[in-house]
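Undergrad: Handing over input21.csv, CSV, C-alpha atoms.
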chain,number,residue,atom,x,y,z
A,1,MET,CA,130.8,91.0,71.0
A,2,TYR,CA,130.3,89.7,74.5
A,3,LEU,CA,128.4,92.8,75.6
A,4,ARG,CA,126.1,92.6,72.6
A,5,ALA,CA,125.3,88.9,73.1
A,6,LYS,CA,124.6,89.5,76.8
A,7,LYS,CA,121.6,91.7,75.8
A,8,TYR,CA,119.7,88.6,74.8
A,9,LYS,CA,117.2,87.1,77.3
A,10,LEU,CA,118.2,83.9,79.0
A,11,SER,CA,115.6,81.9,77.0
A,12,THR,CA,117.1,83.3,73.8
A,13,GLN,CA,120.6,82.3,74.9
A,14,TYR,CA,119.4,78.7,75.6
A,15,LEU,CA,117.8,78.6,72.1
A,16,ILE,CA,120.8,80.0,70.3
A,17,SER,CA,123.2,77.6,72.2
A,18,LEU,CA,121.1,74.5,71.3
A,19,ILE,CA,120.6,75.6,67.7
A,20,LEU,CA,124.4,76.0,67.3
A,21,ILE,CA,125.1,72.5,68.8
A,22,VAL,CA,122.4,70.9,66.6
A,23,PHE,CA,123.7,72.7,63.5
A,24,VAL,CA,127.3,71.6,64.1
A,25,THR,CA,126.2,68.1,64.9
A,26,VAL,CA,124.3,67.7,61.6
A,27,THR,CA,127.2,69.2,59.7
A,28,CYS,CA,129.7,66.9,61.2
A,29,TYR,CA,127.3,63.9,60.8
A,30,MET,CA,127.2,64.6,57.1
A,31,LEU,CA,131.0,64.7,57.0
A,32,THR,CA,131.6,61.5,58.9
A,33,LYS,CA,133.3,59.9,55.9
A,34,LEU,CA,135.9,62.7,55.9
A,35,ILE,CA,136.5,63.3,59.6
A,36,GLY,CA,136.7,60.9,62.6
A,37,TYR,CA,134.7,61.0,65.8
A,38,ARG,CA,137.7,62.4,67.7
A,39,GLU,CA,137.9,65.4,65.4
A,40,VAL,CA,134.1,65.9,66.0
A,41,ALA,CA,134.9,66.2,69.7
A,42,LEU,CA,137.4,69.0,69.0
A,43,ILE,CA,134.8,70.9,66.8
A,44,LEU,CA,132.1,70.6,69.4
A,45,LEU,CA,134.5,71.6,72.1
A,46,LEU,CA,135.4,74.7,70.1
A,47,VAL,CA,131.7,75.6,69.7
A,48,VAL,CA,131.1,75.3,73.5
A,49,SER,CA,134.2,77.4,74.1
A,50,ILE,CA,132.9,80.2,71.9
A,51,GLN,CA,129.5,80.0,73.6
A,52,ALA,CA,131.2,80.3,77.0
A,53,MET,CA,132.7,83.7,75.8
A,54,LEU,CA,129.3,84.9,74.7
A,55,PHE,CA,126.5,83.7,77.0
A,56,ASP,CA,125.7,83.1,80.7
A,57,ILE,CA,127.0,80.0,82.4
A,58,LEU,CA,123.7,78.0,82.5
A,59,PRO,CA,122.9,78.0,78.8
A,60,VAL,CA,126.6,77.1,78.0
A,61,LEU,CA,126.5,74.3,80.6
A,62,THR,CA,123.4,72.9,79.0
A,63,ALA,CA,125.0,73.1,75.6
A,64,ALA,CA,128.1,71.3,76.9
A,65,ILE,CA,126.1,68.4,78.4
A,66,LEU,CA,124.0,68.1,75.3
A,67,SER,CA,127.1,68.2,73.0
A,68,ALA,CA,128.7,65.4,75.1
A,69,LEU,CA,125.6,63.2,74.9
A,70,ILE,CA,125.2,63.8,71.2
A,71,TRP,CA,128.8,63.1,70.5
A,72,ASN,CA,128.5,59.8,72.4
A,73,PHE,CA,125.3,58.8,70.8
A,74,PHE,CA,126.0,59.6,67.1
A,75,PHE,CA,129.8,59.4,66.8
A,76,ILE,CA,131.5,57.2,69.4
A,77,PRO,CA,131.4,53.5,68.3
A,78,PRO,CA,129.1,51.8,68.6
A,79,THR,CA,126.9,54.6,67.3
A,80,LYS,CA,123.3,55.3,68.1
A,81,THR,CA,123.7,54.1,71.6
A,82,PHE,CA,125.1,55.5,74.8
A,83,HIS,CA,127.3,52.4,75.2
A,84,VAL,CA,131.0,53.2,74.9
A,85,GLY,CA,132.9,50.3,73.3
A,86,THR,CA,136.5,50.8,74.6
A,87,SER,CA,138.1,52.1,77.8
A,88,GLU,CA,140.1,54.5,75.6
A,89,ASP,CA,136.8,56.1,74.4
A,90,VAL,CA,135.4,56.2,77.9
A,91,LEU,CA,138.4,58.1,79.0
A,92,LEU,CA,138.1,60.4,76.0
A,93,PHE,CA,134.4,61.0,76.7
A,94,LEU,CA,135.2,61.9,80.3
A,95,MET,CA,138.1,64.2,79.3
A,96,TYR,CA,135.8,65.9,76.8
A,97,PHE,CA,133.2,66.6,79.5
A,98,ILE,CA,135.8,67.7,82.1
A,99,ILE,CA,137.6,70.1,79.7
A,100,ALA,CA,134.3,71.6,78.6
A,101,LEU,CA,133.3,72.2,82.3
A,102,ILE,CA,136.7,73.7,83.2
A,103,ASN,CA,136.6,75.9,80.1
A,104,ILE,CA,133.1,77.2,81.1
A,105,VAL,CA,134.1,77.8,84.8
A,106,PHE,CA,137.3,79.6,83.9
A,107,THR,CA,135.7,81.8,81.2
A,108,SER,CA,132.9,82.7,83.7
A,109,LYS,CA,135.5,83.7,86.4
A,110,ILE,CA,137.4,85.8,83.8
A,111,ARG,CA,134.2,87.6,82.8
A,112,ASN,CA,133.3,88.2,86.4
A,113,TYR,CA,136.7,89.6,87.1
A,114,GLU,CA,136.5,91.9,84.0
A,115,ARG,CA,133.1,93.1,85.1
A,116,LYS,CA,134.3,93.9,88.6
A,117,GLU,CA,137.3,95.8,87.1
A,118,ARG,CA,135.1,97.7,84.8
A,119,LYS,CA,132.8,98.7,87.7
A,120,LYS,CA,135.9,99.7,89.7
A,121,GLU,CA,137.1,101.9,86.8
A,122,GLU,CA,133.7,103.5,86.3
A,123,ARG,CA,133.5,104.2,90.0
A,124,GLU,CA,137.0,105.8,90.1
A,125,HIS,CA,136.1,107.8,87.0
A,126,SER,CA,132.9,109.0,88.7
A,127,ILE,CA,134.8,110.0,91.8
A,128,LYS,CA,137.3,111.9,89.6
A,129,LEU,CA,134.5,113.7,87.8
A,130,TYR,CA,132.8,114.5,91.1
A,131,ASN,CA,136.0,116.0,92.6
A,132,THR,CA,136.6,118.0,89.4
A,133,LEU,CA,133.1,119.3,89.5
A,134,LEU,CA,133.4,120.3,93.2
A,135,ASN,CA,136.7,122.0,92.6
A,136,SER,CA,135.4,123.9,89.7
A,137,LEU,CA,132.1,125.0,91.3
A,138,SER,CA,133.7,125.8,94.6
A,139,HIS,CA,135.4,128.7,92.8
A,140,GLU,CA,132.7,129.4,90.2
A,141,LEU,CA,129.9,129.6,92.7
A,142,ARG,CA,131.9,131.1,95.6
A,143,THR,CA,133.1,134.1,93.5
A,144,PRO,CA,129.7,135.5,92.5
A,145,ILE,CA,128.2,134.7,95.9
A,146,SER,CA,131.1,136.6,97.7
A,147,THR,CA,130.5,139.5,95.3
A,148,ILE,CA,126.8,139.6,96.0
A,149,VAL,CA,127.3,139.3,99.8
A,150,GLY,CA,130.0,141.9,99.9
A,151,ALA,CA,128.0,144.4,97.8
A,152,VAL,CA,124.9,144.0,99.9
A,153,ASP,CA,126.9,144.4,103.2
A,154,THR,CA,128.5,147.6,101.8
A,155,ILE,CA,125.1,149.0,100.9
A,156,LYS,CA,123.6,148.1,104.3
A,157,GLU,CA,126.5,149.4,106.4
A,158,ASN,CA,127.3,152.6,104.4
A,159,ASN,CA,123.9,153.4,102.9
A,160,ASN,CA,124.0,157.0,104.1
A,161,LYS,CA,127.6,157.5,102.9
A,162,LEU,CA,127.2,156.1,99.4
A,163,THR,CA,126.5,158.3,96.5
A,164,GLU,CA,124.0,157.4,93.9
A,165,LYS,CA,126.8,156.5,91.5
A,166,ASP,CA,128.3,154.2,94.1
A,167,LYS,CA,125.0,152.5,94.7
A,168,HIS,CA,124.5,152.0,91.0
A,169,GLU,CA,127.9,150.4,90.6
A,170,LEU,CA,127.3,148.1,93.5
A,171,ILE,CA,123.9,147.1,92.2
A,172,ASN,CA,125.5,146.5,88.8
A,173,GLU,CA,128.1,144.2,90.4
A,174,ILE,CA,125.2,142.3,92.1
A,175,GLU,CA,123.4,141.9,88.8
A,176,ILE,CA,126.5,140.6,87.0
A,177,ALA,CA,127.3,138.2,89.8
A,178,GLY,CA,123.7,137.0,89.9
A,179,LEU,CA,123.7,136.4,86.2
A,180,ARG,CA,126.9,134.4,86.5
A,181,LEU,CA,125.6,132.4,89.4
A,182,ASN,CA,122.3,131.8,87.5
A,183,ARG,CA,124.3,130.5,84.4
A,184,GLU,CA,126.4,128.1,86.5
A,185,VAL,CA,123.2,126.7,88.3
A,186,ASN,CA,121.5,126.4,84.9
A,187,ASN,CA,124.5,124.4,83.6
A,188,LEU,CA,124.4,122.1,86.6
A,189,LEU,CA,120.6,121.5,86.1
A,190,SER,CA,121.1,121.0,82.4
A,191,MET,CA,123.9,118.5,82.9
A,192,SER,CA,121.8,116.6,85.4
A,193,ARG,CA,119.0,116.3,82.8
A,194,LEU,CA,121.4,115.0,80.3
A,195,GLU,CA,123.0,112.5,82.7
A,196,ALA,CA,119.6,111.3,83.8
A,197,GLY,CA,118.5,110.7,80.2
A,198,VAL,CA,115.2,112.4,80.7
A,199,LEU,CA,115.7,115.2,78.2
A,200,GLN,CA,112.8,115.3,75.7
A,201,PRO,CA,112.7,118.3,73.3
A,202,LYS,CA,109.3,120.1,73.1
A,203,LEU,CA,109.1,121.1,69.5
A,204,ASP,CA,107.2,124.2,68.4
A,205,TRP,CA,107.5,126.7,65.6
A,206,CYS,CA,110.3,129.2,66.2
A,207,ASP,CA,111.6,132.3,64.6
A,208,VAL,CA,115.4,131.7,64.8
A,209,ASN,CA,116.2,135.3,64.0
A,210,GLU,CA,114.3,136.5,67.0
A,211,LEU,CA,115.8,133.7,69.1
A,212,MET,CA,119.3,134.8,68.1
A,213,TYR,CA,118.6,138.4,69.0
A,214,THR,CA,117.4,137.3,72.5
A,215,VAL,CA,120.6,135.3,73.0
A,216,ILE,CA,122.7,138.3,72.0
A,217,ARG,CA,120.8,140.6,74.4
A,218,ASN,CA,121.3,138.1,77.2
A,219,ASN,CA,125.1,138.3,76.6
A,220,SER,CA,125.3,142.1,76.1
A,221,GLU,CA,126.9,142.6,79.5
A,222,HIS,CA,129.9,140.4,78.4
A,223,ALA,CA,130.1,141.9,74.9
A,224,THR,CA,131.0,145.4,75.8
A,225,GLU,CA,134.6,144.9,74.6
A,226,HIS,CA,133.7,142.8,71.6
A,227,LYS,CA,131.8,143.3,68.4
A,228,ILE,CA,129.0,141.0,67.5
A,229,ASP,CA,127.9,141.0,63.9
A,230,PHE,CA,124.7,139.1,63.4
A,231,LYS,CA,123.9,138.8,59.7
A,232,LEU,CA,120.1,138.8,59.6
A,233,ASN,CA,118.6,136.4,57.1
A,234,GLU,CA,115.1,137.6,56.4
A,235,ASN,CA,114.4,134.7,54.0
A,236,LEU,CA,114.6,132.1,56.7
A,237,PRO,CA,111.4,130.1,57.4
A,238,LEU,CA,110.1,129.1,60.8
A,239,PHE,CA,111.7,126.0,62.3
A,240,LYS,CA,110.1,123.4,64.6
A,241,LEU,CA,112.6,123.4,67.5
A,242,ASP,CA,112.7,123.4,71.3
A,243,SER,CA,113.5,127.1,71.5
A,244,GLY,CA,114.5,126.9,75.2
A,245,LEU,CA,117.1,124.1,74.5
A,246,ILE,CA,118.4,125.8,71.3
A,247,ALA,CA,118.7,129.1,73.1
A,248,GLN,CA,120.9,127.5,75.7
A,249,VAL,CA,123.1,125.9,73.0
A,250,LEU,CA,123.5,129.3,71.3
A,251,ASN,CA,124.0,131.1,74.6
A,252,ASN,CA,126.8,128.7,75.8
A,253,VAL,CA,128.6,128.8,72.4
A,254,LEU,CA,128.4,132.6,72.2
A,255,HIS,CA,129.4,133.0,75.9
A,256,ASN,CA,132.4,130.7,75.2
A,257,ALA,CA,133.4,132.9,72.2
A,258,LEU,CA,133.1,136.1,74.3
A,259,ARG,CA,135.1,134.6,77.1
A,260,TYR,CA,138.0,133.0,75.3
A,261,THR,CA,138.7,135.7,72.6
A,262,PRO,CA,140.8,138.8,73.2
A,263,LYS,CA,139.2,142.2,73.7
A,264,GLY,CA,138.1,143.9,70.5
A,265,SER,CA,137.5,140.5,68.7
A,266,LEU,CA,134.8,140.2,66.1
A,267,ILE,CA,132.2,137.5,66.5
A,268,GLU,CA,130.1,136.8,63.4
A,269,ILE,CA,126.8,134.9,63.5
A,270,ASN,CA,125.0,133.5,60.5
A,271,ILE,CA,121.8,131.3,60.3
A,272,LEU,CA,121.1,129.2,57.1
A,273,GLU,CA,118.6,126.7,55.9
A,274,LYS,CA,120.4,123.7,54.3
A,275,GLN,CA,118.9,120.4,53.2
A,276,ASN,CA,116.1,120.4,55.9
A,277,HIS,CA,118.5,121.6,58.5
A,278,CYS,CA,118.7,124.8,60.5
A,279,VAL,CA,122.4,125.8,60.6
A,280,PHE,CA,123.9,128.2,63.1
A,281,ILE,CA,127.4,129.4,62.4
A,282,ILE,CA,129.2,131.3,65.2
A,283,SER,CA,132.8,132.3,64.4
A,284,ASP,CA,135.4,134.6,65.7
A,285,ASN,CA,138.8,136.1,64.7
A,286,GLY,CA,140.5,135.2,68.0
A,287,GLU,CA,143.5,132.9,68.5
A,288,GLY,CA,141.7,129.8,67.5
A,289,ILE,CA,141.8,126.3,69.1
A,290,GLN,CA,144.9,124.3,69.7
A,291,ASN,CA,144.9,121.1,67.6
A,292,GLU,CA,145.3,118.9,70.6
A,293,ASP,CA,142.2,120.5,72.2
A,294,ILE,CA,139.8,120.2,69.3
A,295,GLN,CA,138.9,116.5,70.0
A,296,PHE,CA,138.3,117.2,73.7
A,297,ILE,CA,136.6,120.6,73.5
A,298,PHE,CA,133.1,119.1,74.1
A,299,ASN,CA,134.1,116.9,77.0
A,300,LYS,CA,132.8,117.7,80.5
A,301,PHE,CA,135.1,120.0,82.6
A,302,TYR,CA,137.5,120.5,79.7
A,303,ARG,CA,138.8,124.1,79.4
A,304,GLY,CA,141.6,124.0,76.9
A,305,SER,CA,145.3,123.7,77.4
A,306,LYS,CA,146.4,127.3,76.8
A,307,PHE,CA,143.7,129.1,78.8
A,308,SER,CA,143.8,129.9,82.5
A,309,ILE,CA,140.3,131.4,82.5
A,310,GLY,CA,138.0,129.8,85.1
A,311,GLY,CA,134.7,128.1,84.5
A,312,SER,CA,133.1,124.8,85.2
A,313,GLY,CA,133.9,123.4,81.8
A,314,LEU,CA,130.2,122.3,81.3
A,315,GLY,CA,129.0,124.9,78.7
A,316,LEU,CA,130.1,123.3,75.5
A,317,SER,CA,129.4,119.8,76.8
A,318,ILE,CA,125.8,120.9,77.5
A,319,ALA,CA,125.6,122.5,74.0
A,320,LYS,CA,126.6,119.2,72.4
A,321,GLY,CA,124.1,117.3,74.5
A,322,PHE,CA,121.2,119.6,73.7
A,323,THR,CA,122.1,119.6,70.0
A,324,GLU,CA,122.2,115.8,70.0
A,325,ALA,CA,118.8,115.7,71.8
A,326,HIS,CA,117.5,117.3,68.5
A,327,ASN,CA,119.4,114.6,66.5
A,328,GLY,CA,121.7,117.4,65.4
A,329,ASN,CA,125.4,117.9,65.3
A,330,ILE,CA,127.8,120.5,66.6
A,331,THR,CA,131.4,120.8,65.3
A,332,ILE,CA,134.3,123.3,65.7
A,333,LYS,CA,137.1,124.1,63.4
A,334,ASN,CA,139.8,126.7,63.0
A,335,ASN,CA,139.1,129.3,60.3
A,336,GLU,CA,141.7,129.8,57.6
A,337,THR,CA,141.8,133.6,58.3
A,338,GLY,CA,142.2,133.0,62.0
A,339,GLY,CA,139.9,132.3,65.0
A,340,ALA,CA,137.5,129.4,65.4
A,341,GLY,CA,134.0,128.6,64.2
A,342,PHE,CA,131.2,126.6,65.7
A,343,ILE,CA,128.7,125.0,63.3
A,344,ILE,CA,125.4,123.8,64.8
A,345,GLU,CA,123.2,121.7,62.4
A,346,ILE,CA,119.7,120.8,63.6
A,347,PRO,CA,117.4,118.7,61.4
A,348,ALA,CA,114.0,120.5,61.6
A,349,GLU,CA,110.7,120.8,59.9
A,350,SER,CA,110.3,124.2,58.4
A,351,MET,CA,107.4,126.5,57.3
A,352,SER,CA,107.6,129.8,55.4
A,353,VAL,CA,106.5,132.9,57.2
A,354,THR,CA,103.9,133.5,54.4
A,355,ASP,CA,102.4,130.0,55.0
A,356,ASN,CA,102.2,130.7,58.7
A,357,GLN,CA,100.4,134.0,58.1
A,358,LEU,CA,97.9,132.3,55.8
A,359,ASN,CA,97.2,129.6,58.4
A,360,LYS,CA,96.4,132.3,60.9
Turn the structure described in the file into C-alpha cells.
TA:
Amino acid sequence: MYLRAKKYKLSTQYLISLILIVFVTVTCYMLTKLIGYREVALILLLVVSIQAMLFDILPVLTAAILSALIWNFFFIPPTKTFHVGTSEDVLLFLMYFIIALINIVFTSKIRNYERKERKKEEREHSIKLYNTLLNSLSHELRTPISTIVGAVDTIKENNNKLTEKDKHELINEIEIAGLRLNREVNNLLSMSRLEAGVLQPKLDWCDVNELMYTVIRNNSEHATEHKIDFKLNENLPLFKLDSGLIAQVLNNVLHNALRYTPKGSLIEINILEKQNHCVFIISDNGEGIQNEDIQFIFNKFYRGSKFSIGGSGLGLSIAKGFTEAHNGNITIKNNETGGAGFIIEIPAESMSVTDNQLNK
C-alpha cells in the first residue's frame, strides 16, 4: 500500500491528507453527543498515524498541525476559540502534538531504513546475477572461441599436410562454433533489450508455417540425432507478428528441446489458430521437467536441477520476455505420455491467405 501511495504527486498527497482530516473532523463533530473531545483526539491521531505510513513527511506534518488546531478550535472547551480552559487540556493538547510529531519522525526513519535495505538487497541481487552471467559466459563464449582459434591455427600451420576431408571437418567445426557464439551474443543483446525496456514489436503479416520451417533449418545442425515432426497446417491464416522476435522465441524453445532431450527423441511441432491467438506447441518425448523446476524454468540463468549441460540459462527467459512483449503467454507442462511441452500463445490479428491474394 505504501508503494502505491508514494506514486502520487506531492500536491496530491497534501490534498488527500487535508481531505481526510476535514472528513474525520466533520464526522466527529456530528457525533459530539456520543463521543467526548478526548476520544476525538485519539481518532485524529489514528488518522495522522495512517497518513504517516502512506505519504511523505511534509504532507503528514501539515495534516498533524492542522488536526491539532482543528481539535483545539472545535472540540476542546471552550469551543470555537483557540483558548484552552484548563491546564489539564493544555497538557493534553501539547501531548497530542508531540505524540503526532514523534510518530511522524519514527515512521519516516523506519521507511528510510526499509528503503536503504531494499536498495542494498537489489544491489546484492544485481551483483549475484552479474557474477552468474560472467561465470556462465566465461565458459559459453570461451569454448567456441577456443574451437575457432584452434581450427584456424591448425589450417594455417598444416595447410599443406591436411587432406580435403580434414579441412572440411575443421571448417565445419568453425561453423558450428561460430553459430554457437552467435547464439550466445544474440541472447545477451536480447536480454539487454528486455532489461532496458526498449523492446517494441514491429508487427507485420507473417506466414507462420514458413517461419517455423526457417527455425527448423537454423537448428538442423543440432537435430542430426533427433527427429523433428512439424505438422504443417495449410489452413492457417497470416498473422500480424514481429517475425524476428517470434523466430527467436521458437528458436530458443526448439534449441532447448534439442539440447535437453536424449538422442533419438521425437520433437513434435504444431501451430493452431485459437480464439484470435496464434498458438505454437512444441513437445518432446524426453524425460520431462522435474516438478521443482517448472516454476523456475523461465528465470534468468536457470538450467534445471538434474541437468549438467552448460549454457547461459538465458534462452527460455528471453523467449518468455519476447512472448510477453506481444502480450502473449508461454507455459510448459509435462505430457501424460512422457516428455515436456511448451505452449506459446500470441494474440494476433489474422488474415486469410485468400484475402491477402485478393488485396494484391
Undergrad: Please identify every residue of range 220-242 of chain A that has at least one atom no farther than 12 Å from an atom of range 284-288 of chain A, counting all atoms listed in the file, and for each give the shortest atom pair and the distance in Å to one decimal, arranged by chain then increasing number, as CSV.
TA:
residue,atom,partner,partner_atom,distance
A:His226,CA,A:Asp284,CA,10.2
A:Lys227,CA,A:Asp284,CA,9.8
A:Ile228,CA,A:Asp284,CA,9.2
A:Asp229,CA,A:Asp284,CA,10.0
A:Phe230,CA,A:Asp284,CA,11.8
Undergrad: Take CA of Phe97 in chain A and CA of Leu44 in chain A and report the distance between them in Å, one decimal.
TA: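 Separation between CA of Phe97 in chain A and CA of Leu44 in chain A: 10.9 Å.
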Undergrad: Nearest residue to Phe296 in chain A out of A:Leu69, A:Ile267, A:Ile332, A:Ala177, using all atoms listed in the file?
TA: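 Answer, going by the shortest atom-to-atom distance: A:Ile332.
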Undergrad: Kindly indicate which residue among A:Phe239, A:Phe82, A:Phe298, A:Trp71 lies nearest to Leu272 in chain A, using only C-alpha atoms for the distances.
TA: A:Phe239
Undergrad: So, with only C-alpha atoms as the atoms that count, which of A:Tyr8, A:Phe342, A:Tyr29, A:Tyr113 lies closest to Lys320 in chain A?
TA: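 For Lys320 in chain A, the nearest of the given residues is A:Phe342.
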Undergrad: Could you check the closest approach to Lys9 in chain A for each of A:Phe55, A:Phe74, A:Ile50, A:Phe106 and tell me which residue wins, using all atoms listed in the file?
TA: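 Comparing A:Phe55, A:Phe74, A:Ile50, A:Phe106 against Lys9 in chain A, the winner is A:Phe55.
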Undergrad: How would you write as a tab-separated table (two decimals) with C-alpha atoms, in the frame of the given file the residues that get within 10 Å of (127.4, 117.5, 75.5) in the file's frame, counting all atoms listed in the file?
TA:
chain	number	residue	atom	x	y	z
A	190	SER	CA	121.10	121.00	82.40
A	191	MET	CA	123.90	118.50	82.90
A	194	LEU	CA	121.40	115.00	80.30
A	195	GLU	CA	123.00	112.50	82.70
A	249	VAL	CA	123.10	125.90	73.00
A	297	ILE	CA	136.60	120.60	73.50
A	298	PHE	CA	133.10	119.10	74.10
A	299	ASN	CA	134.10	116.90	77.00
A	300	LYS	CA	132.80	117.70	80.50
A	314	LEU	CA	130.20	122.30	81.30
A	315	GLY	CA	129.00	124.90	78.70
A	316	LEU	CA	130.10	123.30	75.50
A	317	SER	CA	129.40	119.80	76.80
A	318	ILE	CA	125.80	120.90	77.50
A	319	ALA	CA	125.60	122.50	74.00
A	320	LYS	CA	126.60	119.20	72.40
A	321	GLY	CA	124.10	117.30	74.50
A	322	PHE	CA	121.20	119.60	73.70
A	323	THR	CA	122.10	119.60	70.00
A	324	GLU	CA	122.20	115.80	70.00
A	325	ALA	CA	118.80	115.70	71.80
A	330	ILE	CA	127.80	120.50	66.60
Undergrad: May I ask for the distance between CA of Asn276 in chain A and CA of Asn334 in chain A, given in Å to one decimal place?
TA: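 Distance reported for this atom pair: 25.5 Å.
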Undergrad: Taking (127.6, 65.3, 66.7) as a centre in this file's frame and 12 Å as the limit, can you find every polymer residue with an atom that close, using all atoms listed in the file, and give them as a ChimeraX atom specification?
TA: /A:20-32,35-45,47,64,66-76,79-80
Undergrad: Please measure the separation of CA of Arg115 in chain A and CA of Ile16 in chain A, giving the value in Å to one decimal.
TA: 23.3 Å
Undergrad: Between A:Ile289, A:Ile216, A:Leu203, A:Leu232, which has the minimum distance to Ser350 in chain A (counting all atoms listed in the file)?
TA: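 So, comparing all the options, the nearest one is A:Leu203.
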Undergrad: Which residues are close to range 151-157 of chain A, i.e. within 12 Å by all atoms listed in the file, leaving aside same-chain residues fewer than 6 positions away? Reply as a ChimeraX atom specification.
TA: /A:144-145,163-164,166-178
Undergrad: Just want the 10 Å neighbourhood of Arg183 in chain A, counted on all atoms listed in the file, with same-chain residues fewer than 4 positions away dropped. Output as a list in words.
TA: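 Listed by chain and then number, they are Ala177, Gly178, Leu179, Asn187, Leu188, Leu189, Gln248, Asn251, Asn252 and Gly315 of chain A.
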Undergrad: Now that the selection is made, can you save its residues with C-alpha atoms as a JSON list (two decimals), in the frame of the given file?
TA:
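Just written: out-v3.json:
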[["chain", "number", "residue", "atom", "x", "y", "z"],
["A", 177, "ALA", "CA", 127.30, 138.20, 89.80],
["A", 178, "GLY", "CA", 123.70, 137.00, 89.90],
["A", 179, "LEU", "CA", 123.70, 136.40, 86.20],
["A", 187, "ASN", "CA", 124.50, 124.40, 83.60],
["A", 188, "LEU", "CA", 124.40, 122.10, 86.60],
["A", 189, "LEU", "CA", 120.60, 121.50, 86.10],
["A", 248, "GLN", "CA", 120.90, 127.50, 75.70],
["A", 251, "ASN", "CA", 124.00, 131.10, 74.60],
["A", 252, "ASN", "CA", 126.80, 128.70, 75.80],
["A", 315, "GLY", "CA", 129.00, 124.90, 78.70]]
Undergrad: Need the shell around Ala52 in chain A: protein/DNA/RNA residues with any atom at most 8 Å away, counting all atoms listed in the file. Skip same-chain ones fewer than 6 positions apart. Format as a PyMOL selection string?
TA: chain A and resi 60+103-104+107-108
